[in-house]
Every structure is written in structure tokens, then in C-alpha cells.
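Working notes for the structure below.
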Number of protein chains: 2
Amino acid sequence: MTRFKLTLEYDGGPFVGWQRQENGASIQQALEEAVFRITGETVPVQGAGRTDAGVHALAQVAHVDVEKAIEAEKLRDAINFHVKPAPIAVLAAEVAAPDFHARFSATGRAYLYRIVNRRAPLTVDRSRAWRIGTPLDAGAMHDAAQVLVGKHDFTTFRATLCQAKSPVKTLERLSVHRIGEEIQVIAESRSFLHHQVRNMVGTLRLVGEGKWSKADLAAALEAKDRSEGGPTAPPDGLYLTRVSYAANE
Amino acid sequence: MTRFKLTLEYDGGPFVGWQRQENGASIQQALEEAVFRITGETVPVQGAGRTDAGVHALAQVAHVDVEKAIEAEKLRDAINFHVKPAPIAVLAAEVAAPDFHARFSATGRAYLYRIVNRRAPLTVDRSRAWRIGTPLDAGAMHDAAQVLVGKHDFTTFRATLCQAKSPVKTLERLSVHRIGEEIQVIAESRSFLHHQVRNMVGTLRLVGEGKWSKADLAAALEAKDRSEGGPTAPPDGLYLTRVSYAANE
């Protein structure tokens, strides 16, 4: 048996999310079916992050155990062939240590959230960014975002259905910068609560519009109450961009 | 009557192209129908460039004459409302001089061609770039491309169905640069022959793969024969990015 580490890219638009669900096509199921077609083995594909419906990945990581003797490059190409026409791609496959676990071995995760700040609807970026028509002050958003960086109880930014044992997380980075009409939010943490990035972005929008001050954001965090946070940003703009592991993994 | 200049963005994927055709939905028709719903007027929307099926625009320019009294911003928002769900957006609308003509007044056009140079299939960029699996030397492509810059008979890179009176054009710029796994080709000219950019890109691919030298490209240009050029690159990677006019237009 060989454990393979897979680096994955996907367009989350057509899926119910990473995880297998009764109500529609998931990325996990599409990959497991492709592996079955190649190996005849029914095995779980374990992902580092369970991205929600509509959320994209530029470098999700997963692992899968295969009995059949197959080279990593062959497995990569075969999954890419059999997963068609689903918009999922294996960017890289490599042999991993037997105790490597895509989710539990991960030491860090990074997300990008893309906002397109303009009045006109999206065309080529439709379902790939959040369009906000009102002018946003990205500098004010970045400045306020720094109150969220560090170790905090993030209950205010946690989905009520979140299953994590603790709401305490250490946010390593939350930066906001403008590139023309696009505003990019980058979030880095060892792990995130369910909807944490989308809830932080939805709240930072209020700061960008001038409706909230930095102090309002700090008070919302301190309240430890989801109802004190801003709305959840749509999944369209969210991309899982990196999963980190210890140097030898 | 007021003549409006419209700056347009669209995802060319679902369309037969800019121009009205019997066999499917065109961008021009979608816009003309939106204008009819707003004004009750059946008027042509004239575009600067007749982009082909699958070709995108980030800043196409068009003009339209409207009898109904309407402010430019209202027209922009109303077209954006009525054109839904087609992936077309009016980025800007402004009142133009009565003799402004989107196509005939244009003094320059710029296109971007996006190649993603990797083995894995495309996901978030599907239908928005040309994936080429074999490694390409972008530096060699750029160097060779310079033999096409200047005033030449571009018959070798002209679609056989092209209706232009003359195959002689002055190519102002043809640059190739790599950004990570993406290779961008930028082409600028007063005007282009039908399929000229896609035929140049399809031929530069041969240079990038090392199959053609710079001298081969020069000989192909000199042959003035379409069959001496490389294949036509797919429409997916092509974006009309700018149409220029004299300063007062």
C-alpha cells in the first residue's frame, strides 16, 4: 500500500463542497470515483480543508492510500483523465510517508478572498469573485483587520453549525490590499473555524464602506457573539491557496 | 438623438461571437435586445472589433444611437440590468460626438492572449486560457516575435475567409512574457486581420517548443501563404483589452 499526497486545484462552483454529501456532487466523491476507475479500490480521499459549496482551491492538499502499484506521475495523469469533465485538476502527486495525514499533519492554511469593487456586474470573473458596488477603502480595511490578528476567541466569526472543539484560534495574517478595481484579502492560520474567513471578510466590508470603525470591529470580536459580526461573504471569492506541512512532509 | 460610447466586458464562451448570426446568441444581439427593452428602439450596436466565438473582451468599445432622452449612467445601469443573465457588462457609457464611430474612429487595438503552460488541465481558468502541456521557452517566443513587428504583408497569419481589403498591417507590438506558469502574449496594432492574433500565437507556440527557429518564423512571414504558418490558437485565451481613439474621442 502506498500513501500519495495530492495537490489539487478546482473550481468550486458546480459542487456542494469538498465533502461527500447526499444532496449533490462533491469534489471528494469525484476524486474517489476517479481513483476507483484507476485502481478498482474504494478508498477515501482525505482533504486538508473541507471547502464549502462554491469555494475554490488553487492548492488544496489531500491524501489517498492505493494498493495497486502505480507511479505518482501516472496516478496524477490518470486521475486528471478520469475526473473529466469535472473542473478538478491534480497539479502534483507524490509518495508520502505512511503517517502523513493531509488534514492532521497540516501546520498552516492560507486563503485568498477576491473582491471586485465596481458597479458593473462580473463577466469573466462571475462566480470567481465578490462584486461590491459601493466604493471600499482597502487601507481602512487592512488597518482594522489587524485587531483580528493573533490568538483570540473567534466566536463572532464562527458559523453557528461549526463543529470545532474550541473557538480559540491564532490568526497569523489578515491583510487587505487593492490592485486596481480588485481588493484581495489574504488570511493565514494553522486552522480556521467554519465560515471564519467569509465572516471576517463580510465584516471588513462594513469597515471598507465606512459603516464600522476599527473600534467597532474590536468590540465585535470581544463580544464573542456571532450576531455581533457582519454578514457572511459569498463563497464565490474564496480560494484555498496553500496548505503547509513540516519540512519533511 | 444621442450617440453613446459603451465600454464593454464579456465572457465570450457562450456566444457565437460579437456579430449577429443566424446560428446562435451573439453579444451584439444581446446588447441590441437590452437597448430595445429600455428605449423601444431597434438600433444597431456597432462594435470596434468583431471578436470571434469564445473570444473575450475586457474593454471592447461600441456605439449606439438612442432617440429616448436618457442619461449615460442610467443607460449603463439599464443595459446591465436587461442584458442579464448573459455574461456581458457595460463598464462605462458616455455621450459621444455624432460622428464618433466605434470601429472606424479607432486608432489602435490591443489584445492579450493567455497561455497556461502546465500538464494539469484547467479548472478556474477553463475556457479562459489555452493550456499547453509541453514546456515553452517564453524568451525564445518573445525574441522570434520581433520579426513580425512592423509593416508587413500578414497573409501567412490571415484567415482564408478574411474580408480585409489588404493583408498589409503595421504590428506595433508583439511581446511575450512569463508570469509563473502563465505566458502572456500582448499584440497591438491599428487593426488586425481575421484570426491574425490567434494564428501568430499558434505559430509562436512552435517556437516556444523549439520546433521552429526565429528564421523559420521570418521565412513563414515572407512566404505570404497561410499554409506556411502554424495552427490557429483556440479562442479561449484571447481577450480584447483596449481600443484607442484620438484624444478628443
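Every chain in the C-alpha cells has a letter given in the order shown (A, B, ...), and although residue numbers restart at 1 in each chain, ligands are simply numbered from 1 in the order shown.
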
**OP:** Can you check which residues of chain B have any atom within 9 Å of chain A? Use only C-alpha atoms and format it as a ChimeraX atom specification.
**Re:** /B:9-12,56-58,76-77,80-81,86-92,118-126,128

Please produce a file of the residues just selected, as a PDB file, in the first residue's frame, where the atoms kept are C-alpha atoms.
```
ATOM      1  CA  GLU B   9     -16.548  43.468 -20.837  1.00  0.00           C
ATOM      2  CA  TYR B  10     -17.728  39.962 -21.688  1.00  0.00           C
ATOM      3  CA  ASP B  11     -17.026  36.280 -21.356  1.00  0.00           C
ATOM      4  CA  GLY B  12     -17.091  35.113 -24.975  1.00  0.00           C
ATOM      5  CA  HIS B  56     -13.403  37.558 -24.506  1.00  0.00           C
ATOM      6  CA  ALA B  57     -13.282  41.312 -24.058  1.00  0.00           C
ATOM      7  CA  LEU B  58     -12.084  43.346 -21.098  1.00  0.00           C
ATOM      8  CA  ARG B  76     -25.226  51.856 -18.482  1.00  0.00           C
ATOM      9  CA  ASP B  77     -27.145  50.525 -15.462  1.00  0.00           C
ATOM     10  CA  ASN B  80     -26.543  45.849 -17.291  1.00  0.00           C
ATOM     11  CA  PHE B  81     -29.949  45.038 -15.799  1.00  0.00           C
ATOM     12  CA  ALA B  86     -25.716  36.968 -20.306  1.00  0.00           C
ATOM     13  CA  PRO B  87     -22.099  37.450 -19.114  1.00  0.00           C
ATOM     14  CA  ILE B  88     -21.845  40.938 -20.622  1.00  0.00           C
ATOM     15  CA  ALA B  89     -21.254  44.153 -18.664  1.00  0.00           C
ATOM     16  CA  VAL B  90     -21.228  47.806 -19.646  1.00  0.00           C
ATOM     17  CA  LEU B  91     -18.251  49.197 -17.702  1.00  0.00           C
ATOM     18  CA  ALA B  92     -18.850  52.766 -18.871  1.00  0.00           C
ATOM     19  CA  ARG B 118       1.342  23.142 -17.440  1.00  0.00           C
ATOM     20  CA  ARG B 119       0.442  19.494 -17.663  1.00  0.00           C
ATOM     21  CA  ALA B 120      -2.679  19.583 -15.480  1.00  0.00           C
ATOM     22  CA  PRO B 121      -5.997  20.529 -17.058  1.00  0.00           C
ATOM     23  CA  LEU B 122      -7.545  23.935 -16.341  1.00  0.00           C
ATOM     24  CA  THR B 123     -10.223  24.404 -13.691  1.00  0.00           C
ATOM     25  CA  VAL B 124     -10.860  28.019 -12.630  1.00  0.00           C
ATOM     26  CA  ASP B 125      -9.320  29.165 -15.944  1.00  0.00           C
ATOM     27  CA  ARG B 126     -11.224  26.718 -18.122  1.00  0.00           C
ATOM     28  CA  ARG B 128     -10.285  31.490 -20.237  1.00  0.00           C
TER      29      ARG B 128
END
```

Original post:
Excluding same-chain residues fewer than 3 positions from segment 214-227 of chain A, what lies within 12 Å of it counting only C-alpha atoms, as JSON, numbers by chain?
Top reply: {"A": [139, 140, 141, 142, 143, 144, 145, 146, 147, 148, 149, 150, 151, 152, 153, 154, 155, 156, 157, 158, 159, 160, 161, 162, 167, 168, 195, 196, 199, 200, 201, 202, 203, 204, 205, 206, 207, 208, 210, 211, 230, 231, 232]}

**OP:** Give the strand (DSSP E or B) residues of segment 5-37 of chain A, as assigned by DSSP on the backbone, as a VMD selection string.
**Re:** chain A and resid 5 to 10 17 21 24

What are the closest atom pairs, with distances in Å to one decimal, for all residues of segment 2-118 of chain A lying within 8 Å of segment 187-192 of chain A? Consider only C-alpha atoms, order rows by chain and residue number, and present the result as a Markdown table.
```
| residue | atom | partner | partner_atom | distance |
| --- | --- | --- | --- | --- |
| A:Ala106 | CA | A:Arg190 | CA | 7.5 |
| A:Thr107 | CA | A:Arg190 | CA | 5.3 |
| A:Gly108 | CA | A:Arg190 | CA | 3.9 |
| A:Arg109 | CA | A:Ser189 | CA | 5.6 |
| A:Ala110 | CA | A:Glu188 | CA | 4.4 |
| A:Tyr111 | CA | A:Ala187 | CA | 5.2 |
| A:Leu112 | CA | A:Ala187 | CA | 6.6 |
```

Could those residues be written to a file, using N, CA, C and O atoms, as a PDB file, in the first residue's frame?
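Written out: result00.pdb:
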```pdb
ATOM      1  N   ALA A 106      -1.253  19.015   8.786  1.00  0.00           N
ATOM      2  CA  ALA A 106      -1.115  20.392   8.275  1.00  0.00           C
ATOM      3  C   ALA A 106      -0.753  21.351   9.394  1.00  0.00           C
ATOM      4  O   ALA A 106      -1.337  21.303  10.485  1.00  0.00           O
ATOM      5  N   THR A 107       0.221  22.222   9.140  1.00  0.00           N
ATOM      6  CA  THR A 107       0.659  23.201  10.134  1.00  0.00           C
ATOM      7  C   THR A 107       0.192  24.613   9.789  1.00  0.00           C
ATOM      8  O   THR A 107       0.375  25.545  10.579  1.00  0.00           O
ATOM      9  N   GLY A 108      -0.411  24.776   8.614  1.00  0.00           N
ATOM     10  CA  GLY A 108      -0.889  26.100   8.249  1.00  0.00           C
ATOM     11  C   GLY A 108      -1.770  26.047   7.012  1.00  0.00           C
ATOM     12  O   GLY A 108      -1.636  25.158   6.170  1.00  0.00           O
ATOM     13  N   ARG A 109      -2.680  26.983   6.945  1.00  0.00           N
ATOM     14  CA  ARG A 109      -3.563  27.105   5.781  1.00  0.00           C
ATOM     15  C   ARG A 109      -3.632  28.573   5.376  1.00  0.00           C
ATOM     16  O   ARG A 109      -3.630  29.460   6.234  1.00  0.00           O
ATOM     17  N   ALA A 110      -3.683  28.811   4.077  1.00  0.00           N
ATOM     18  CA  ALA A 110      -3.798  30.192   3.582  1.00  0.00           C
ATOM     19  C   ALA A 110      -4.972  30.276   2.613  1.00  0.00           C
ATOM     20  O   ALA A 110      -5.188  29.371   1.797  1.00  0.00           O
ATOM     21  N   TYR A 111      -5.725  31.350   2.749  1.00  0.00           N
ATOM     22  CA  TYR A 111      -6.848  31.618   1.850  1.00  0.00           C
ATOM     23  C   TYR A 111      -6.693  32.994   1.217  1.00  0.00           C
ATOM     24  O   TYR A 111      -6.161  33.925   1.838  1.00  0.00           O
ATOM     25  N   LEU A 112      -7.179  33.092  -0.003  1.00  0.00           N
ATOM     26  CA  LEU A 112      -7.302  34.383  -0.700  1.00  0.00           C
ATOM     27  C   LEU A 112      -8.781  34.648  -0.891  1.00  0.00           C
ATOM     28  O   LEU A 112      -9.524  33.741  -1.274  1.00  0.00           O
TER      29      LEU A 112
END
```

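Between atom CA of Phe36 of chain A and atom CA of Phe104 of chain A the separation is 24.2 Å.
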
Original post:
Using only C-alpha atoms, which residues sit within 6 Å of Glu182 of chain B once same-chain residues fewer than 5 positions away are excluded, as a count of residues only?
Top reply: 3

Original post:
What is the distance between atom CA of Phe15 of chain B and atom CA of Pro14 of chain A, in Å to one decimal?
Top reply: 20.7 Å

Subject >> Surrounding residues of Gln60 of chain A excluding itself and chain neighbours under 3 positions, 8 Å, only C-alpha atoms, as JSON, numbers by chain >> reply: {"A": [7, 8, 9, 47, 48, 49, 57, 240, 241, 242, 243]}

Would you save the residues from that selection as a PDB file, in the first residue's frame, using N, CA and C atoms?
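So the final result, stored in out.pdb, reads:
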```pdb
ATOM      1  N   THR A   7      -1.811  17.417  -4.685  1.00  0.00           N
ATOM      2  CA  THR A   7      -2.058  18.855  -4.651  1.00  0.00           C
ATOM      3  C   THR A   7      -3.101  19.150  -5.722  1.00  0.00           C
ATOM      4  N   LEU A   8      -4.194  19.798  -5.322  1.00  0.00           N
ATOM      5  CA  LEU A   8      -5.389  19.887  -6.159  1.00  0.00           C
ATOM      6  C   LEU A   8      -5.816  21.326  -6.430  1.00  0.00           C
ATOM      7  N   GLU A   9      -6.309  21.528  -7.629  1.00  0.00           N
ATOM      8  CA  GLU A   9      -6.931  22.808  -7.984  1.00  0.00           C
ATOM      9  C   GLU A   9      -8.364  22.508  -8.412  1.00  0.00           C
ATOM     10  N   GLY A  47      -9.067  15.294   2.523  1.00  0.00           N
ATOM     11  CA  GLY A  47      -8.601  16.638   2.202  1.00  0.00           C
ATOM     12  C   GLY A  47      -8.144  17.407   3.425  1.00  0.00           C
ATOM     13  N   ALA A  48      -7.247  18.367   3.210  1.00  0.00           N
ATOM     14  CA  ALA A  48      -6.747  19.191   4.319  1.00  0.00           C
ATOM     15  C   ALA A  48      -7.818  20.167   4.796  1.00  0.00           C
ATOM     16  N   GLY A  49      -8.598  20.689   3.859  1.00  0.00           N
ATOM     17  CA  GLY A  49      -9.623  21.668   4.213  1.00  0.00           C
ATOM     18  C   GLY A  49     -10.942  21.292   3.561  1.00  0.00           C
ATOM     19  N   ALA A  57     -10.226  26.110  -4.926  1.00  0.00           N
ATOM     20  CA  ALA A  57      -8.899  25.801  -4.386  1.00  0.00           C
ATOM     21  C   ALA A  57      -7.871  25.948  -5.486  1.00  0.00           C
ATOM     22  N   LEU A 240      -8.762  28.501  -1.457  1.00  0.00           N
ATOM     23  CA  LEU A 240      -7.739  27.874  -0.605  1.00  0.00           C
ATOM     24  C   LEU A 240      -6.452  27.867  -1.424  1.00  0.00           C
ATOM     25  N   THR A 241      -5.434  28.598  -0.946  1.00  0.00           N
ATOM     26  CA  THR A 241      -4.247  28.806  -1.792  1.00  0.00           C
ATOM     27  C   THR A 241      -3.017  28.038  -1.335  1.00  0.00           C
ATOM     28  N   ARG A 242      -3.000  27.588  -0.065  1.00  0.00           N
ATOM     29  CA  ARG A 242      -1.813  26.852   0.394  1.00  0.00           C
ATOM     30  C   ARG A 242      -2.127  26.056   1.642  1.00  0.00           C
ATOM     31  N   VAL A 243      -1.569  24.850   1.734  1.00  0.00           N
ATOM     32  CA  VAL A 243      -1.595  24.072   2.971  1.00  0.00           C
ATOM     33  C   VAL A 243      -0.140  23.753   3.273  1.00  0.00           C
TER      34      VAL A 243
END
```

**OP:** Give the alpha helix (DSSP H) residues of segment 91-170 of chain A, as DSSP finds them on the backbone, and put them as a ChimeraX atom specification.
**Re:** /A:138-145
